[in-house]
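One structure is given below, encoded as structure tokens.
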There are 2 protein chains.
Amino acid sequence: MTVKKNFRFGIDLGGTSAKLAVVSEKGKIVKESSVESGGISDPKQLVKKISNEAKRLTQSLQIQSIGVGVAGDIDSGRGLIRVSPNLGWKNVPLKKLLEKELKRKVTIDNDANVAAWGIYKTQVSQKVKNLFVLTLGTGVGGGIIVDKKLYVGATGSAGEIGHVTVEENGRLCNCGNRGCLETIAGGTHIKAVVKERLAQGEKSSLQDIFKKDPESITPYLISKAALEGDAFSISIWENVGKVLGVALGNLIYVFNPEAIYLTGGVAQAKDLILKPIWTQLKTRSFKTPIGAVQITVAKEASHIGVIGAALLQ
Amino acid sequence: MTVKKNFRFGIDLGGTSAKLAVVSEKGKIVKESSVESGGISDPKQLVKKISNEAKRLTQSLQIQSIGVGVAGDIDSGRGLIRVSPNLGWKNVPLKKLLEKELKRKVTIDNDANVAAWGIYKTQVSQKVKNLFVLTLGTGVGGGIIVDKKLYVGATGSAGEIGHVTVEENGRLCNCGNRGCLETIAGGTHIKAVVKERLAQGEKSSLQDIFKKDPESITPYLISKAALEGDAFSISIWENVGKVLGVALGNLIYVFNPEAIYLTGGVAQAKDLILKPIWTQLKTRSFKTPIGAVQITVAKEASHIGVIGAALLQ
């Protein structure tokens, strides 16, 4: 018997595992599973493995659409993975490979775009037509909604706010350039800066933890210390928030969105960064676009990638 | 006898005059006129004057749509001029006032958006779906085309790239903030910097002109001197181009357009700024969006405002 209800199917393809889920129209996970992706360098082999699991999971369900999110440089128009460092892939026609196995149309996009779409569809008022989702994780990324549709740009690269230059000759970024926003607001760099300053002996309640195990310093612990009044930790978030405020001010002037959602581990610092962001934004002369934007920390949702992928079409 | 052909009507409303034109579907001016707008502080009076001229100009023509471009903070959705410093107006419901007089639907937008739309419709391949038009005049502005439509954002403020911050604690901008892109790449600031440096006695072929009349220094003369090999003038454009390159690199990372068109007096420096822009862009690590964008100096078109306005709908 075929269940009549229409479902969507999402795949969140990462370097260690691929999450798979059957998702309702409203973005609720109905069934989920995962397969290991680490160590499988042959795309066809991994596609076969994922497809078999997808078929098992969707048996006797009516699936309306299939979407995939992948970290990397993705040509969503042509369904091509240009480069995915996590998977170690270059020029893989993922859409075509999956469509051959699943005998269905498949849509693919990069993970930041897919997460932005997931947040838009499940957390944001659909009165909002133009949205920017800022992903503050170990790295910094973004996704753009224009006129209620995912906007990916000419080559599927839009939203790369993590690598806008905010400081000439600033810290060296993973991307190879200096002074990218990610070198100030990315979790990896925040941790590195905190450890550097603690190693120099700056006064902080984090010193005890640092001395026991420098690697245990996390954005969560820096937030905790800040909320307990640690001046050092407060100043860390104030600087992150100030620079985010400059970058978001520039974004608001150019893109003029109704809303900006912050997501990812670093976004969980919440008011510790939102306050300095707003302090910075309020120094801007053009009050109309600044006054019209709402900035919100998205609800934590570990499955937003697979949900966003499922809802892509 | 009514002429059968369909025309569009545009109004470019500035602080000293309003240009009016009947424009063909393809953006050619068929008939044009202008009325003085300076010194008329009562919006109703100016609207009456413009409308009378519009009626005279369009007599016996079939007009399909009417569009207006105005400098200032414009709410295009509601057809409201929030503030227009040039006209000395605040909260003027221009759309409503014009519609009452002309008994026709009228669309209004700000001058940078209207110029961007005019360039898109008359100079850019319609294969280009996503475009940024950078206006480099006395000030710096911009307009955005997304998916072949004018994108104005939540409050009609989108495209304000002239006031993104490029230098913390930089030069004071007209807007009241410091270090805006306009303080480096706007004609007024370029002239001011050149005059400051010439007054300090820097060696340049411009010194003779400067000594006779400092006010006669223009972007055109700085370009001319640079093309004749004046090292000082070359360095001026190199710095403008470098900073534009950083700002456009950031824009390309976030917006990922197929094309960027430069327009306005400063854009006429052409290769003198295009070369350092590209030198800067080529330092960026993400080659896909940088490699996909074409940067072009738009054809000079003094009537692009009135043409863009006419083609708005």
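Residue names in the structure tokens use chain letters A, B, ... in the order shown, residue numbers from 1 in each chain, and ligand numbers from 1 in the order shown.
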(request) Check range 49-224 of chain A with DSSP on the backbone and list each residue it calls helix (DSSP H, G or I), as a ChimeraX atom specification. (result) /A:49-58,94-102,111-123,161-163,182-185,187-199,207-212,214-216,219-224
Output of the above residues as a PDB file, in the first residue's frame, restricted to C-alpha atoms:
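So result.pdb came out as:
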ATOM      1  CA  LYS A  49      25.833   3.547  -0.954  1.00  0.00           C
ATOM      2  CA  ILE A  50      23.753   6.678  -0.280  1.00  0.00           C
ATOM      3  CA  SER A  51      21.216   5.742  -2.957  1.00  0.00           C
ATOM      4  CA  ASN A  52      20.689   2.265  -1.534  1.00  0.00           C
ATOM      5  CA  GLU A  53      20.020   3.734   1.886  1.00  0.00           C
ATOM      6  CA  ALA A  54      17.729   6.375   0.355  1.00  0.00           C
ATOM      7  CA  LYS A  55      15.711   3.683  -1.419  1.00  0.00           C
ATOM      8  CA  ARG A  56      15.392   1.675   1.789  1.00  0.00           C
ATOM      9  CA  LEU A  57      14.286   4.754   3.755  1.00  0.00           C
ATOM     10  CA  THR A  58      11.702   5.928   1.227  1.00  0.00           C
ATOM     11  CA  LEU A  94      26.774  14.691  -8.277  1.00  0.00           C
ATOM     12  CA  LYS A  95      23.311  15.587  -9.563  1.00  0.00           C
ATOM     13  CA  LYS A  96      23.712  13.355 -12.612  1.00  0.00           C
ATOM     14  CA  LEU A  97      25.171  10.461 -10.606  1.00  0.00           C
ATOM     15  CA  LEU A  98      22.356  10.570  -8.053  1.00  0.00           C
ATOM     16  CA  GLU A  99      19.622  10.972 -10.677  1.00  0.00           C
ATOM     17  CA  LYS A 100      20.920   7.884 -12.480  1.00  0.00           C
ATOM     18  CA  GLU A 101      20.700   5.816  -9.285  1.00  0.00           C
ATOM     19  CA  LEU A 102      17.461   7.258  -7.912  1.00  0.00           C
ATOM     20  CA  ASP A 111      25.640  23.616   2.785  1.00  0.00           C
ATOM     21  CA  ALA A 112      25.403  27.290   3.783  1.00  0.00           C
ATOM     22  CA  ASN A 113      22.703  27.972   1.173  1.00  0.00           C
ATOM     23  CA  VAL A 114      20.816  24.854   2.163  1.00  0.00           C
ATOM     24  CA  ALA A 115      20.938  25.749   5.874  1.00  0.00           C
ATOM     25  CA  ALA A 116      19.755  29.292   5.089  1.00  0.00           C
ATOM     26  CA  TRP A 117      16.840  27.855   3.131  1.00  0.00           C
ATOM     27  CA  GLY A 118      16.002  25.461   5.960  1.00  0.00           C
ATOM     28  CA  ILE A 119      15.944  28.311   8.481  1.00  0.00           C
ATOM     29  CA  TYR A 120      13.858  30.475   6.146  1.00  0.00           C
ATOM     30  CA  LYS A 121      11.276  27.741   5.596  1.00  0.00           C
ATOM     31  CA  THR A 122      10.979  26.597   9.209  1.00  0.00           C
ATOM     32  CA  GLN A 123      11.744  29.610  11.447  1.00  0.00           C
ATOM     33  CA  ILE A 161      30.444  36.938   3.700  1.00  0.00           C
ATOM     34  CA  GLY A 162      33.054  35.045   5.763  1.00  0.00           C
ATOM     35  CA  HIS A 163      35.728  36.105   3.336  1.00  0.00           C
ATOM     36  CA  GLU A 182      36.200  34.784   9.442  1.00  0.00           C
ATOM     37  CA  THR A 183      39.566  35.692  11.045  1.00  0.00           C
ATOM     38  CA  ILE A 184      37.640  37.785  13.600  1.00  0.00           C
ATOM     39  CA  ALA A 185      34.268  36.036  13.921  1.00  0.00           C
ATOM     40  CA  GLY A 187      35.066  29.962  16.012  1.00  0.00           C
ATOM     41  CA  THR A 188      38.507  28.611  15.116  1.00  0.00           C
ATOM     42  CA  HIS A 189      40.024  32.115  15.073  1.00  0.00           C
ATOM     43  CA  ILE A 190      38.193  33.265  18.216  1.00  0.00           C
ATOM     44  CA  LYS A 191      39.664  30.263  20.051  1.00  0.00           C
ATOM     45  CA  ALA A 192      43.128  30.951  18.611  1.00  0.00           C
ATOM     46  CA  VAL A 193      43.039  34.623  19.679  1.00  0.00           C
ATOM     47  CA  VAL A 194      41.823  33.751  23.173  1.00  0.00           C
ATOM     48  CA  LYS A 195      44.556  31.141  23.575  1.00  0.00           C
ATOM     49  CA  GLU A 196      47.229  33.539  22.324  1.00  0.00           C
ATOM     50  CA  ARG A 197      46.157  36.206  24.794  1.00  0.00           C
ATOM     51  CA  LEU A 198      45.814  33.776  27.705  1.00  0.00           C
ATOM     52  CA  ALA A 199      49.284  32.393  26.914  1.00  0.00           C
ATOM     53  CA  GLN A 207      43.244  30.984  32.908  1.00  0.00           C
ATOM     54  CA  ASP A 208      42.652  27.913  35.130  1.00  0.00           C
ATOM     55  CA  ILE A 209      40.923  26.001  32.358  1.00  0.00           C
ATOM     56  CA  PHE A 210      43.565  27.139  29.866  1.00  0.00           C
ATOM     57  CA  LYS A 211      46.444  25.994  32.063  1.00  0.00           C
ATOM     58  CA  LYS A 212      44.894  22.546  32.529  1.00  0.00           C
ATOM     59  CA  PRO A 214      44.457  24.886  26.284  1.00  0.00           C
ATOM     60  CA  GLU A 215      42.420  22.874  23.771  1.00  0.00           C
ATOM     61  CA  SER A 216      39.369  22.845  26.032  1.00  0.00           C
ATOM     62  CA  PRO A 219      33.143  29.687  22.372  1.00  0.00           C
ATOM     63  CA  TYR A 220      30.673  28.185  24.864  1.00  0.00           C
ATOM     64  CA  LEU A 221      33.153  28.581  27.755  1.00  0.00           C
ATOM     65  CA  ILE A 222      34.091  32.110  26.655  1.00  0.00           C
ATOM     66  CA  SER A 223      30.375  33.007  26.718  1.00  0.00           C
ATOM     67  CA  LYS A 224      29.948  31.389  30.134  1.00  0.00           C
TER      68      LYS A 224
END
(request) Kindly provide, as a ChimeraX atom specification, the residues of chain A having any atom no farther than 9 Å from an atom of chain B, counting only C-alpha atoms. (result) /A:73,128-130,142-144,146,151-168,175-177,246-247,249-258,283-286,288-289,292-293
(request) Tell me, in Å to one decimal, how far CA of Ala309 in chain A is from CA of Glu36 in chain A. (result) 18.3 Å
(message) One decimal, in Å: what's the spacing between CA of Val306 in chain A and CA of Thr16 in chain A?
(response)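 Those two atoms sit 14.8 Å apart.
Residues of range 120-247 of chain A that DSSP, applied to the backbone, places in strand (DSSP E): Leu131, Phe132, Val133, Leu134, Thr135, Leu136, Val140, Gly141, Gly142, Gly143, Ile144, Ile145, Val146, Lys149, Leu150 and Tyr151 of chain A.
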The selected residues should be written to file as a compact mmCIF listing (two decimals), in the first residue's frame (atoms: C-alpha atoms).
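Listed below is the output, selection_27.txt:
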# COMPACT_ATOMS: atom_id res chain seq x y z
CA LEU A 131 16.76 37.53 4.30
CA PHE A 132 20.43 37.04 5.06
CA VAL A 133 21.45 34.02 7.14
CA LEU A 134 24.88 34.42 8.73
CA THR A 135 26.48 31.13 9.75
CA LEU A 136 28.89 31.65 12.63
CA VAL A 140 31.78 32.02 8.74
CA GLY A 141 29.37 31.71 5.82
CA GLY A 142 26.04 32.93 4.64
CA GLY A 143 22.99 32.34 2.52
CA ILE A 144 20.65 34.79 0.84
CA ILE A 145 16.91 34.73 0.22
CA VAL A 146 15.65 37.27 -2.33
CA LYS A 149 13.66 32.38 -3.24
CA LEU A 150 17.16 31.10 -2.52
CA TYR A 151 19.60 33.43 -4.28
